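The next block is data-v7.cif, given as mmCIF, C-alpha atoms and all ligand atoms.
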data_input
#
loop_
_atom_site.label_atom_id
_atom_site.label_comp_id
_atom_site.auth_asym_id
_atom_site.auth_seq_id
_atom_site.Cartn_x
_atom_site.Cartn_y
_atom_site.Cartn_z
CA MET A 315 0.00 0.00 0.00
CA ALA A 316 1.09 3.55 -0.66
CA LYS A 317 1.97 6.03 2.06
CA ARG A 318 -0.27 8.99 2.82
CA THR A 319 1.39 12.13 1.46
CA VAL A 320 1.37 15.80 2.24
CA ALA A 321 -1.07 16.30 -0.67
CA ASP A 322 -3.59 14.05 1.13
CA VAL A 323 -3.95 16.32 4.19
CA ASP A 324 -5.66 19.67 4.61
CA VAL A 325 -2.89 21.99 5.71
CA ALA A 326 -4.80 25.31 5.66
CA GLY A 327 -4.24 27.15 8.92
CA LYS A 328 -2.11 24.26 10.22
CA ARG A 329 1.49 24.19 11.39
CA VAL A 330 3.30 21.54 9.37
CA MET A 331 6.54 20.08 10.72
CA ILE A 332 8.74 18.80 7.89
CA ARG A 333 11.71 16.54 8.64
CA VAL A 334 13.90 17.64 5.73
CA ASP A 335 17.43 16.71 4.73
CA PHE A 336 19.40 19.96 5.05
CA ASN A 337 22.62 18.06 5.77
CA VAL A 338 24.49 20.06 3.12
CA PRO A 339 28.22 19.82 2.40
CA LEU A 340 30.12 22.76 3.94
CA ASP A 341 33.41 24.38 2.97
CA LYS A 342 35.85 23.15 5.63
CA LYS A 343 37.63 26.49 6.03
CA THR A 344 34.77 28.99 5.87
CA GLY A 345 31.69 26.92 6.68
CA ALA A 346 30.00 28.24 3.52
CA ILE A 347 27.42 25.96 1.89
CA ALA A 348 29.36 24.10 -0.82
CA ASP A 349 26.30 22.71 -2.60
CA ASP A 350 22.67 23.65 -1.88
CA ARG A 351 20.99 20.84 -3.85
CA ARG A 352 19.48 19.36 -0.70
CA ILE A 353 17.92 22.69 0.25
CA ARG A 354 16.47 23.12 -3.23
CA GLY A 355 15.28 19.51 -3.14
CA ALA A 356 13.01 20.35 -0.19
CA LEU A 357 11.28 23.23 -2.00
CA PRO A 358 8.41 21.29 -3.65
CA THR A 359 7.02 20.09 -0.33
CA ILE A 360 7.59 23.39 1.49
CA SER A 361 6.01 25.45 -1.33
CA ASN A 362 3.08 23.06 -1.57
CA VAL A 363 2.23 23.60 2.11
CA LEU A 364 2.68 27.38 1.94
CA HIS A 365 0.54 27.72 -1.19
CA ARG A 366 -2.29 25.83 0.46
CA GLY A 367 -2.36 28.14 3.47
CA GLY A 368 -0.21 26.23 5.95
CA SER A 369 2.88 27.32 7.84
CA VAL A 370 6.10 25.28 7.87
CA ILE A 371 8.57 24.21 10.55
CA CYS A 372 11.70 22.64 9.01
CA MET A 373 14.01 20.44 11.04
CA SER A 374 17.19 18.61 10.04
CA HIS A 375 20.55 17.46 11.29
CA LEU A 376 23.72 19.04 9.89
CA GLY A 377 27.06 17.23 10.12
CA ARG A 378 28.20 15.48 13.25
CA PRO A 379 28.39 17.98 16.12
CA SER A 380 31.02 17.15 18.75
CA GLY A 381 29.29 19.00 21.59
CA ASP A 382 32.09 21.58 21.69
CA PRO A 383 30.51 24.90 20.52
CA ALA A 384 33.83 26.20 19.15
CA LYS A 385 34.30 23.14 16.94
CA ASP A 386 30.64 23.09 15.96
CA LYS A 387 30.36 26.76 15.01
CA PHE A 388 29.76 25.97 11.33
CA LEU A 389 27.06 23.43 12.19
CA THR A 390 24.34 25.86 13.27
CA MET A 391 21.43 26.18 10.85
CA ASP A 392 21.83 29.97 10.38
CA ARG A 393 23.30 29.80 6.88
CA VAL A 394 20.90 27.05 5.88
CA ALA A 395 17.94 29.21 6.95
CA GLU A 396 19.40 32.16 5.01
CA ARG A 397 19.85 30.09 1.88
CA LEU A 398 16.36 28.62 2.21
CA ALA A 399 14.92 32.16 2.34
CA GLU A 400 16.86 33.05 -0.84
CA VAL A 401 15.79 30.05 -2.89
CA LEU A 402 12.22 30.05 -1.57
CA GLY A 403 11.72 33.80 -1.95
CA VAL A 404 9.95 33.96 1.43
CA PRO A 405 11.35 35.24 4.76
CA VAL A 406 12.52 32.45 7.08
CA THR A 407 12.99 32.75 10.85
CA LYS A 408 15.40 30.52 12.74
CA ALA A 409 15.05 29.23 16.28
CA ALA A 410 18.02 29.46 18.64
CA ASP A 411 17.33 25.95 19.92
CA VAL A 412 15.86 22.63 18.73
CA ALA A 413 12.84 22.09 20.96
CA GLY A 414 13.38 24.68 23.70
CA PRO A 415 11.83 28.05 24.58
CA SER A 416 12.96 29.80 21.38
CA ALA A 417 11.45 27.12 19.13
CA ALA A 418 8.22 27.07 21.18
CA ALA A 419 7.80 30.86 21.10
CA LEU A 420 8.53 31.18 17.36
CA ALA A 421 6.31 28.22 16.46
CA ALA A 422 3.41 29.72 18.44
CA GLN A 423 3.72 32.97 16.44
CA LEU A 424 3.78 31.28 13.01
CA ARG A 425 1.12 32.54 10.59
CA PRO A 426 0.01 30.85 7.33
CA GLY A 427 2.66 31.26 4.64
CA GLN A 428 5.51 31.61 7.15
CA VAL A 429 8.55 29.38 7.63
CA LEU A 430 10.58 28.52 10.74
CA VAL A 431 13.82 26.51 10.78
CA LEU A 432 14.79 24.76 14.02
CA GLU A 433 18.40 24.53 15.20
CA ASN A 434 20.52 21.49 14.24
CA LEU A 435 18.69 18.43 15.63
CA ARG A 436 21.96 16.86 16.73
CA PHE A 437 22.68 19.79 19.06
CA ASP A 438 20.17 18.06 21.36
CA ASP A 439 21.15 14.63 22.73
CA GLY A 440 17.49 13.62 22.55
CA GLU A 441 17.81 13.23 18.76
CA LYS A 442 20.26 10.31 18.91
CA ASP A 443 18.87 8.83 22.13
CA GLY A 444 15.35 8.63 20.72
CA ASP A 445 14.27 10.36 23.94
CA GLU A 446 10.48 10.54 24.47
CA GLY A 447 10.48 13.89 26.31
CA PHE A 448 12.39 15.42 23.41
CA ALA A 449 9.99 13.89 20.89
CA LYS A 450 6.97 15.26 22.80
CA ARG A 451 8.44 18.77 22.97
CA LEU A 452 9.15 18.72 19.23
CA ALA A 453 5.74 17.32 18.31
CA ALA A 454 4.00 19.98 20.45
CA LEU A 455 5.24 22.60 17.98
CA ALA A 456 3.05 21.43 15.09
CA ASP A 457 -0.23 19.84 13.92
CA ILE A 458 1.05 17.68 11.06
CA TYR A 459 4.28 15.66 10.61
CA VAL A 460 5.92 15.20 7.21
CA ASN A 461 8.90 12.89 6.56
CA ASP A 462 10.75 14.27 3.53
CA ALA A 463 14.24 13.01 4.45
CA PHE A 464 14.74 9.83 2.42
CA GLY A 465 18.50 9.84 3.09
CA THR A 466 17.83 9.33 6.83
CA CYS A 467 15.00 6.77 6.50
CA HIS A 468 17.33 3.89 7.40
CA ARG A 469 17.92 5.41 10.86
CA THR A 470 15.74 5.67 13.96
CA ASP A 471 16.77 9.11 15.19
CA ALA A 472 14.02 10.76 17.27
CA SER A 473 12.96 13.19 14.52
CA MET A 474 12.45 10.25 12.17
CA TYR A 475 10.81 7.67 14.42
CA ALA A 476 9.76 8.86 17.90
CA VAL A 477 8.40 12.26 16.79
CA PRO A 478 5.85 11.04 14.20
CA GLN A 479 4.45 8.63 16.79
CA GLN A 480 3.41 11.64 18.86
CA PHE A 481 1.04 12.83 16.10
CA PRO A 482 -2.54 11.59 15.70
CA PRO A 483 -3.40 9.10 12.92
CA GLY A 484 -3.97 10.91 9.65
CA ALA A 485 -1.38 13.57 10.47
CA ARG A 486 1.74 11.47 9.76
CA VAL A 487 2.67 11.67 6.10
CA VAL A 488 5.56 11.63 3.66
CA GLY A 489 6.67 14.60 1.57
CA MET A 490 7.06 14.79 -2.17
CA LEU A 491 10.73 13.82 -2.24
CA VAL A 492 10.20 10.64 -0.24
CA GLU A 493 7.09 9.84 -2.28
CA LYS A 494 9.10 10.14 -5.51
CA GLU A 495 11.93 7.97 -4.17
CA LEU A 496 9.53 5.26 -3.03
CA ASN A 497 7.55 5.30 -6.28
CA ILE A 498 10.58 4.90 -8.52
CA LEU A 499 12.27 2.29 -6.34
CA GLN A 500 9.07 0.26 -6.05
CA GLU A 501 8.69 0.45 -9.83
CA ILE A 502 12.18 -0.76 -10.70
CA LEU A 503 12.30 -3.42 -7.99
CA GLY A 504 8.74 -4.63 -8.54
CA GLN A 505 7.99 -4.71 -12.26
CA PRO A 506 11.11 -3.55 -14.07
CA GLN A 507 11.10 -3.27 -17.84
CA ARG A 508 13.68 -5.75 -19.16
CA PRO A 509 16.52 -6.07 -19.88
CA PHE A 510 17.31 -4.72 -16.41
CA ILE A 511 21.03 -3.99 -15.96
CA ALA A 512 22.89 -2.89 -12.85
CA LEU A 513 26.11 -0.93 -13.12
CA MET A 514 28.24 -1.29 -10.01
CA GLY A 515 31.48 0.33 -8.96
CA GLY A 516 32.98 2.31 -6.14
CA ALA A 517 35.66 1.59 -3.65
CA LYS A 518 34.73 -1.55 -1.72
CA VAL A 519 32.93 -4.82 -2.30
CA SER A 520 32.27 -5.09 1.43
CA ASP A 521 30.01 -1.98 1.42
CA LYS A 522 27.87 -3.47 -1.31
CA ILE A 523 27.54 -7.22 -0.60
CA GLY A 524 23.88 -7.09 0.42
CA PHE A 525 23.16 -4.77 -2.47
CA ILE A 526 24.79 -7.08 -5.04
CA GLU A 527 23.06 -10.14 -3.59
CA ALA A 528 19.67 -8.43 -3.69
CA LEU A 529 20.18 -7.26 -7.27
CA LEU A 530 21.36 -10.68 -8.47
CA GLY A 531 17.82 -11.93 -7.94
CA LYS A 532 16.29 -9.12 -9.95
CA VAL A 533 18.57 -8.00 -12.77
CA ASP A 534 19.65 -9.60 -16.02
CA LYS A 535 23.26 -8.41 -15.76
CA ILE A 536 25.60 -6.69 -13.33
CA LEU A 537 28.41 -4.76 -15.00
CA VAL A 538 31.24 -4.11 -12.56
CA GLY A 539 33.79 -1.29 -12.52
CA GLY A 540 35.61 0.72 -9.86
CA ALA A 541 38.08 -0.66 -7.36
CA MET A 542 35.70 -3.46 -6.36
CA ALA A 543 36.54 -5.16 -9.66
CA TYR A 544 40.08 -5.83 -8.41
CA THR A 545 38.90 -7.70 -5.34
CA PHE A 546 36.86 -9.91 -7.70
CA ARG A 547 39.82 -10.33 -10.10
CA LYS A 548 42.26 -11.16 -7.34
CA SER A 549 39.83 -13.73 -5.96
CA GLN A 550 40.12 -15.47 -9.34
CA GLY A 551 43.90 -15.53 -8.96
CA GLN A 552 44.63 -12.73 -11.39
CA PRO A 553 47.49 -10.31 -10.56
CA VAL A 554 46.12 -6.82 -9.83
CA GLY A 555 49.39 -5.03 -8.94
CA ASN A 556 48.91 -2.43 -6.22
CA SER A 557 45.23 -1.86 -6.98
CA LEU A 558 42.89 -1.27 -4.08
CA VAL A 559 41.87 -4.75 -2.89
CA GLU A 560 40.05 -5.99 0.19
CA ASN A 561 42.24 -8.97 1.01
CA ASP A 562 39.93 -10.14 3.78
CA LYS A 563 37.00 -10.31 1.35
CA LEU A 564 38.50 -12.62 -1.30
CA ASP A 565 36.51 -15.67 -0.19
CA LEU A 566 33.35 -13.66 -0.23
CA ALA A 567 34.12 -12.22 -3.65
CA ARG A 568 34.75 -15.75 -4.98
CA ALA A 569 31.46 -16.97 -3.52
CA LEU A 570 29.57 -14.04 -5.07
CA LEU A 571 31.15 -14.75 -8.46
CA ALA A 572 30.19 -18.42 -8.25
CA LYS A 573 26.64 -17.54 -7.32
CA ALA A 574 26.33 -14.89 -10.04
CA GLY A 575 27.69 -17.03 -12.91
CA ASP A 576 27.72 -15.09 -16.16
CA LYS A 577 25.34 -12.48 -14.78
CA LEU A 578 28.29 -10.64 -13.32
CA VAL A 579 30.64 -9.03 -15.85
CA LEU A 580 34.13 -7.82 -14.92
CA PRO A 581 36.16 -5.21 -16.85
CA MET A 582 38.30 -6.66 -19.66
CA ASP A 583 40.78 -3.78 -19.56
CA ASN A 584 41.83 -1.08 -17.14
CA ARG A 585 43.55 2.28 -17.09
CA ILE A 586 46.51 1.99 -14.77
CA ALA A 587 49.18 4.29 -13.30
CA THR A 588 51.89 4.10 -10.67
CA SER A 589 50.18 6.76 -8.55
CA PRO A 590 46.74 8.36 -8.27
CA ASP A 591 48.49 11.69 -8.92
CA ALA A 592 49.88 10.54 -12.28
CA ALA A 593 49.40 12.81 -15.29
CA ALA A 594 47.24 11.49 -18.13
CA VAL A 595 50.32 10.85 -20.33
CA ASP A 596 51.79 8.60 -17.64
CA THR A 597 48.79 6.26 -17.57
CA GLN A 598 48.49 3.04 -19.60
CA VAL A 599 45.78 0.64 -20.65
CA VAL A 600 46.24 -3.07 -19.90
CA GLN A 601 44.18 -6.14 -20.58
CA GLY A 602 44.22 -8.83 -17.93
CA ALA A 603 46.98 -8.81 -15.34
CA ILE A 604 48.09 -5.52 -13.82
CA PRO A 605 51.90 -5.39 -13.38
CA ASP A 606 53.55 -4.94 -9.98
CA GLY A 607 53.95 -1.31 -9.00
CA TRP A 608 50.88 -0.31 -11.05
CA GLU A 609 47.36 0.37 -9.88
CA GLY A 610 44.04 0.27 -11.74
CA PHE A 611 42.18 3.57 -11.46
CA ASP A 612 39.55 3.33 -14.20
CA ILE A 613 37.96 0.92 -16.64
CA GLY A 614 39.67 0.86 -20.05
CA PRO A 615 38.34 1.73 -23.53
CA ALA A 616 37.36 -1.85 -24.48
CA THR A 617 35.33 -2.16 -21.28
CA ILE A 618 33.73 1.23 -21.90
CA ALA A 619 32.70 0.12 -25.39
CA GLU A 620 31.33 -3.21 -24.16
CA TYR A 621 29.37 -1.64 -21.28
CA GLN A 622 28.00 1.04 -23.65
CA ARG A 623 26.80 -1.71 -25.96
CA GLN A 624 25.11 -3.68 -23.19
CA LEU A 625 23.54 -0.63 -21.53
CA SER A 626 22.14 0.78 -24.74
CA GLY A 627 19.99 -2.37 -25.06
CA ALA A 628 18.62 -2.09 -21.52
CA LYS A 629 15.14 -0.85 -20.57
CA THR A 630 15.95 -0.33 -16.88
CA ILE A 631 19.35 0.66 -15.46
CA VAL A 632 20.37 1.14 -11.86
CA TRP A 633 23.81 2.55 -11.13
CA ASN A 634 25.74 2.66 -7.89
CA GLY A 635 29.45 3.38 -7.56
CA PRO A 636 31.78 5.30 -9.90
CA MET A 637 33.74 3.33 -12.54
CA GLY A 638 37.06 4.84 -11.44
CA MET A 639 38.71 7.51 -9.36
CA PHE A 640 36.67 10.16 -11.14
CA GLU A 641 37.82 12.90 -8.78
CA LYS A 642 41.11 12.87 -10.76
CA GLU A 643 40.97 14.03 -14.35
CA PRO A 644 42.93 11.14 -15.95
CA PHE A 645 40.60 8.56 -14.37
CA ARG A 646 37.14 9.88 -15.10
CA ALA A 647 36.58 8.71 -18.69
CA GLY A 648 34.79 5.50 -17.65
CA THR A 649 32.45 7.28 -15.24
CA ILE A 650 31.66 10.05 -17.75
CA ALA A 651 31.02 7.56 -20.56
CA MET A 652 28.58 5.58 -18.42
CA ALA A 653 26.80 8.77 -17.29
CA GLN A 654 26.51 9.74 -20.95
CA VAL A 655 24.87 6.41 -21.84
CA LEU A 656 22.36 6.79 -19.01
CA ALA A 657 21.59 10.36 -20.10
CA ASP A 658 21.11 9.38 -23.77
CA THR A 659 19.00 6.24 -23.36
CA ASN A 660 15.21 6.08 -23.15
CA ALA A 661 15.48 3.45 -20.43
CA VAL A 662 14.35 4.12 -16.86
CA THR A 663 17.61 5.17 -15.18
CA VAL A 664 18.24 5.42 -11.45
CA VAL A 665 21.50 6.54 -9.85
CA GLY A 666 22.09 6.12 -6.12
CA GLY A 667 25.00 6.56 -3.75
CA GLY A 668 26.86 9.62 -2.47
CA GLU A 669 29.76 9.78 -4.91
CA SER A 670 27.76 8.36 -7.82
CA ALA A 671 25.15 11.12 -7.48
CA ASP A 672 27.93 13.70 -7.14
CA ALA A 673 29.61 12.45 -10.30
CA VAL A 674 26.53 12.56 -12.56
CA THR A 675 25.69 16.00 -11.22
CA ARG A 676 29.22 17.37 -11.44
CA PHE A 677 29.53 16.27 -15.07
CA GLY A 678 26.12 17.75 -15.92
CA PHE A 679 24.06 14.60 -16.65
CA ASP A 680 21.64 14.66 -13.70
CA ASP A 681 18.83 16.41 -15.61
CA ARG A 682 18.65 13.55 -18.10
CA ILE A 683 18.63 10.70 -15.56
CA THR A 684 15.15 9.48 -14.58
CA HIS A 685 15.98 9.68 -10.90
CA VAL A 686 19.09 10.58 -8.91
CA SER A 687 18.42 9.29 -5.41
CA THR A 688 18.98 11.65 -2.49
CA GLY A 689 19.84 8.68 -0.30
CA GLY A 690 23.35 7.22 -0.16
CA GLY A 691 23.25 4.49 2.50
CA ALA A 692 19.44 4.65 2.53
CA PHE A 693 19.29 3.89 -1.21
CA LEU A 694 21.51 0.81 -0.79
CA GLU A 695 19.52 -0.46 2.19
CA TYR A 696 16.18 0.07 0.46
CA VAL A 697 17.30 -1.96 -2.56
CA GLU A 698 18.58 -4.66 -0.18
CA GLY A 699 15.03 -4.91 1.14
CA LYS A 700 15.83 -3.80 4.69
CA PRO A 701 12.75 -2.43 6.45
CA PHE A 702 12.70 1.31 7.15
CA ALA A 703 11.31 1.77 10.67
CA PRO A 704 10.52 5.49 10.15
CA LEU A 705 8.16 4.58 7.30
CA THR A 706 6.26 2.07 9.43
CA VAL A 707 5.01 4.95 11.60
CA ILE A 708 3.70 6.94 8.61
CA ASP A 709 -0.01 6.54 7.77
CA GLU A 710 -1.12 4.52 4.78
CA LYS A 711 -3.30 6.21 2.14
P1 LIG A 801 28.94 5.63 -3.72
O1 LIG A 801 29.15 6.72 -2.69
O2 LIG A 801 28.38 6.17 -4.99
O3 LIG A 801 28.16 4.47 -3.15
P2 LIG A 801 31.51 4.46 -3.13
O4 LIG A 801 31.53 5.23 -1.85
O5 LIG A 801 31.39 3.00 -3.06
O6 LIG A 801 30.39 5.06 -4.11
O7 LIG A 801 32.87 4.72 -3.93
C1 LIG A 801 33.25 5.97 -4.43
C2 LIG A 801 34.74 6.12 -4.47
O8 LIG A 801 35.37 5.02 -5.10
C3 LIG A 801 35.13 7.35 -5.25
O9 LIG A 801 35.59 8.34 -4.37
C4 LIG A 801 36.25 6.85 -6.19
O10 LIG A 801 37.40 7.67 -6.20
C5 LIG A 801 36.59 5.49 -5.63
N1 LIG A 801 37.11 4.60 -6.66
C6 LIG A 801 36.49 4.15 -7.75
N2 LIG A 801 37.31 3.39 -8.50
C7 LIG A 801 38.50 3.37 -7.87
C8 LIG A 801 39.75 2.74 -8.15
N3 LIG A 801 39.93 1.99 -9.23
N4 LIG A 801 40.75 2.93 -7.25
C9 LIG A 801 40.56 3.68 -6.15
N5 LIG A 801 39.41 4.29 -5.84
C10 LIG A 801 38.39 4.14 -6.68
MG MG A 802 30.42 6.79 -0.96
#

structure tokens encoding of this file:
Amino acid sequence: MAKRTVADVDVAGKRVMIRVDFNVPLDKKTGAIADDRRIRGALPTISNVLHRGGSVICMSHLGRPSGDPAKDKFLTMDRVAERLAEVLGVPVTKAADVAGPSAAALAAQLRPGQVLVLENLRFDDGEKDGDEGFAKRLAALADIYVNDAFGTCHRTDASMYAVPQQFPPGARVVGMLVEKELNILQEILGQPQRPFIALMGGAKVSDKIGFIEALLGKVDKILVGGAMAYTFRKSQGQPVGNSLVENDKLDLARALLAKAGDKLVLPMDNRIATSPDAAAVDTQVVQGAIPDGWEGFDIGPATIAEYQRQLSGAKTIVWNGPMGMFEKEPFRAGTIAMAQVLADTNAVTVVGGGESADAVTRFGFDDRITHVSTGGGAFLEYVEGKPFAPLTVIDEK
């Protein structure tokens, strides 16, 4: 059954508490917002409530506060509230605390069309402890609870799990971002158009075991790139030079390969160098074994061509994990080529994972991907089929 959404409730004259994901990347030196995509991503739900005569209380965590105010000075929500006001085009007030006197006073004054941002949820220990007193104080600020933080749905922090339980039935809903994530993931995992191909890469096999196992049962092919390919290769006894390998995961990699059979495809060539800082002219392409002293940092041109060919015949594609060390110019060709295929195809395309989403966005392909998930760990866990406790306390339609 589908979850009740913000569009299903009458918000006129109501105070609507939205658990958003404003956990934006910050510049380490200045604390400036390095990328405001997550703030802009919350706009559809916020605007929807404001246009229908409700007022909005936004709450989110930001970073990992240490408890030391000097160290945490960049982690207050002041700049986030300022940026929200800019992109929303509506004044935004900010509480000096999470669920204390400032939040209570400002929430009580809220009028339809107005927006309040609470202080960083993790400034209050109640958020991590799942404390009931904290949840009650937060819930007392509003009439309706909206979960629009897909990237945190695999956690049971108070704002995600204890707080919604304080609201009456009918008043616990998901926002438009979460609704979109759930719809697309249910579609591709339930009745995918075939061929259904997964493209997998990234740093470690160990991060993605459950994900690969879950996908093996659903997809027609898994095309592998990134450093994880070397753990698979080494498990087959092939020399991989100094490439990044998880030596304690070789047995597991071998077992996964045996289980997958010819569903799992490994790169046939790689771009290698003696250092990640090598210039493009100092890189080489090898097929098969990687010589001692060399490391694989990207898939090679033959692999790119083969993966392009396979992907262009697919009707559904899910991608997690970059094909190489795309942060470095000489090693981004594989990742860019795959992003290009996903952008050009008419297939349903879904990209999930922190660095994967960054890569398709940085290289300008995100607008032509069906869905770039806002969840990193949450995306992986959802595909694995792990239950999301915060969604169990949201009302059904
Ligand atoms: P995601 O966040 O999308 O799930 P991961 O966190 O698993 O992806 O992996 C992303 C990282 O993997 C990137 O920072 C990239 O530099 C690194 N990576 C990919 N291929 C290689 C490689 N061949 N050698 C070293 N690092 C790699
Ligand atoms: Mg990552």

Spatial neighbours of Arg547 (chain A), 10 Å, all atoms listed in the file, chain gap at least 4 places, as JSON, numbers by chain: {"A": [542, 543, 551, 552, 553, 554, 559, 564, 567, 568, 571, 580, 581, 602, 603]}

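Straight-line separation from CA of Tyr475 (chain A) to CA of Gly447 (chain A): 13.4 Å.
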
Among listed residues A:Leu656, A:Ile526, A:Val595, A:Met514, nearest ligand LIG 801 (chain A) (using all atoms listed in the file): A:Met514

Please produce, as JSON lines, a per-residue contact table for region 542-647 of chain A versus region 662-683 of chain A (criterion: any atom at most 7 Å away, all atoms listed in the file considered), showing the nearest atom pair and its distance in Å to one decimal, sorted by chain then residue number.
{"residue": "A:Lys629", "atom": "CA", "partner": "A:Val662", "partner_atom": "CA", "distance": 6.3}
{"residue": "A:Thr630", "atom": "CA", "partner": "A:Val662", "partner_atom": "CA", "distance": 4.7}
{"residue": "A:Ile631", "atom": "CA", "partner": "A:Thr663", "partner_atom": "CA", "distance": 4.8}
{"residue": "A:Val632", "atom": "CA", "partner": "A:Val664", "partner_atom": "CA", "distance": 4.8}
{"residue": "A:Trp633", "atom": "CA", "partner": "A:Val665", "partner_atom": "CA", "distance": 4.8}
{"residue": "A:Asn634", "atom": "CA", "partner": "A:Gly666", "partner_atom": "CA", "distance": 5.3}
{"residue": "A:Gly635", "atom": "CA", "partner": "A:Ser670", "partner_atom": "CA", "distance": 5.3}
{"residue": "A:Pro636", "atom": "CA", "partner": "A:Ser670", "partner_atom": "CA", "distance": 5.5}

Could you save the residues just selected, with C-alpha atoms, as an mmCIF file, in the coordinates of the input?
data_model
loop_
_atom_site.group_PDB
_atom_site.id
_atom_site.type_symbol
_atom_site.label_atom_id
_atom_site.label_comp_id
_atom_site.auth_asym_id
_atom_site.auth_seq_id
_atom_site.Cartn_x
_atom_site.Cartn_y
_atom_site.Cartn_z
ATOM 1 C CA LYS A 629 15.140 -0.850 -20.570
ATOM 2 C CA THR A 630 15.950 -0.330 -16.880
ATOM 3 C CA ILE A 631 19.350 0.660 -15.460
ATOM 4 C CA VAL A 632 20.370 1.140 -11.860
ATOM 5 C CA TRP A 633 23.810 2.550 -11.130
ATOM 6 C CA ASN A 634 25.740 2.660 -7.890
ATOM 7 C CA GLY A 635 29.450 3.380 -7.560
ATOM 8 C CA PRO A 636 31.780 5.300 -9.900
#

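Minimum distance to ligand MG 802 (chain A) across A:Asp521, A:Asp335, A:Asp438, A:Asp443 (counting only C-alpha atoms and all ligand atoms) occurs at A:Asp521.
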
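With distances restricted to all atoms listed in the file, A:Val519 is the closest residue to ligand MG 802 (chain A) from A:Met652, A:Ala476, A:Val519, A:Leu705.
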
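The smallest atom-to-atom distance between ligand LIG 801 (chain A) and any of A:Lys522, A:Arg508, A:Lys532, A:Lys408, using all atoms listed in the file, is found for A:Lys522.
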
Any idea what's packed within 6 Å of region 481-495 of chain A, counting only C-alpha atoms, ignoring anything in its chain fewer than 4 positions away? Could you give it as number ranges by chain? A: 318-320, 359, 458-462, 464, 708-709

So, with all atoms listed in the file as the atoms that count, which of A:Ala541, A:Met474, A:Ala395, A:Ala326 lies closest to ligand LIG 801 (chain A)? A:Ala541

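For the residues A:Gly638, A:Gly607, A:Gly465, A:Pro358, ranking by smallest atom-to-atom distance to Ala517 (chain A) using all atoms listed in the file places A:Gly638 first.
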
To one decimal in Å, tell me the separation between CA of Lys387 (chain A) and atom O10 of ligand LIG 801 (chain A). 29.4 Å

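In this model, the gap between CA of Phe525 (chain A) and CA of Phe645 (chain A) comes to 25.0 Å.
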
Take every atom of region 582-599 of chain A listed in the file, pad by 8 Å on each side, and give me the axis-aligned box centre and edge lengths in Å, one decimal, as JSON.
{"center_x": 45.1, "center_y": 3.1, "center_z": -14.5, "size_x": 29.6, "size_y": 35.5, "size_z": 28.4}

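Taking all atoms listed in the file into account, the protein, DNA and RNA residues within 9 Å of (35.2, 0.4, -16.7) read A:Gly515, A:Leu537, A:Val538, A:Gly539, A:Gly540, A:Leu580, A:Pro581, A:Met582, A:Asp583, A:Asn584, A:Arg585, A:Asp612, A:Ile613, A:Gly614, A:Pro615, A:Ala616, A:Thr617, A:Ile618, A:Tyr621, A:Met637, A:Gly638, A:Ala647, A:Gly648, A:Thr649, A:Met652.
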
With N, CA and C atoms as the goal, would you fill in the gaps in region 465-475 of chain A and present it as a PDB file, in the coordinates of the input?
ATOM      1  N   GLY A 465      17.118  10.222   2.760  1.00  0.00           N
ATOM      2  CA  GLY A 465      18.500   9.840   3.090  1.00  0.00           C
ATOM      3  C   GLY A 465      18.700   9.440   4.545  1.00  0.00           C
ATOM      4  N   THR A 466      17.718   9.698   5.415  1.00  0.00           N
ATOM      5  CA  THR A 466      17.830   9.330   6.830  1.00  0.00           C
ATOM      6  C   THR A 466      16.819   8.239   7.201  1.00  0.00           C
ATOM      7  N   CYS A 467      16.074   7.736   6.213  1.00  0.00           N
ATOM      8  CA  CYS A 467      15.000   6.770   6.500  1.00  0.00           C
ATOM      9  C   CYS A 467      15.499   5.415   6.991  1.00  0.00           C
ATOM     10  N   HIS A 468      16.813   5.159   6.892  1.00  0.00           N
ATOM     11  CA  HIS A 468      17.330   3.890   7.400  1.00  0.00           C
ATOM     12  C   HIS A 468      17.811   4.047   8.852  1.00  0.00           C
ATOM     13  N   ARG A 469      17.518   5.189   9.466  1.00  0.00           N
ATOM     14  CA  ARG A 469      17.920   5.410  10.860  1.00  0.00           C
ATOM     15  C   ARG A 469      16.698   5.659  11.734  1.00  0.00           C
ATOM     16  N   THR A 470      16.875   5.479  13.055  1.00  0.00           N
ATOM     17  CA  THR A 470      15.740   5.670  13.960  1.00  0.00           C
ATOM     18  C   THR A 470      15.972   6.845  14.897  1.00  0.00           C
ATOM     19  N   ASP A 471      16.609   7.903  14.392  1.00  0.00           N
ATOM     20  CA  ASP A 471      16.770   9.110  15.190  1.00  0.00           C
ATOM     21  C   ASP A 471      15.374   9.608  15.599  1.00  0.00           C
ATOM     22  N   ALA A 472      15.314  10.342  16.722  1.00  0.00           N
ATOM     23  CA  ALA A 472      14.020  10.760  17.270  1.00  0.00           C
ATOM     24  C   ALA A 472      13.151  11.485  16.247  1.00  0.00           C
ATOM     25  N   SER A 473      13.756  12.400  15.472  1.00  0.00           N
ATOM     26  CA  SER A 473      12.960  13.190  14.520  1.00  0.00           C
ATOM     27  C   SER A 473      12.360  12.332  13.415  1.00  0.00           C
ATOM     28  N   MET A 474      12.926  11.145  13.218  1.00  0.00           N
ATOM     29  CA  MET A 474      12.450  10.250  12.170  1.00  0.00           C
ATOM     30  C   MET A 474      11.427   9.240  12.674  1.00  0.00           C
ATOM     31  N   TYR A 475      11.562   8.822  13.940  1.00  0.00           N
ATOM     32  CA  TYR A 475      10.810   7.670  14.420  1.00  0.00           C
ATOM     33  C   TYR A 475       9.942   7.967  15.650  1.00  0.00           C
TER      34      TYR A 475
END
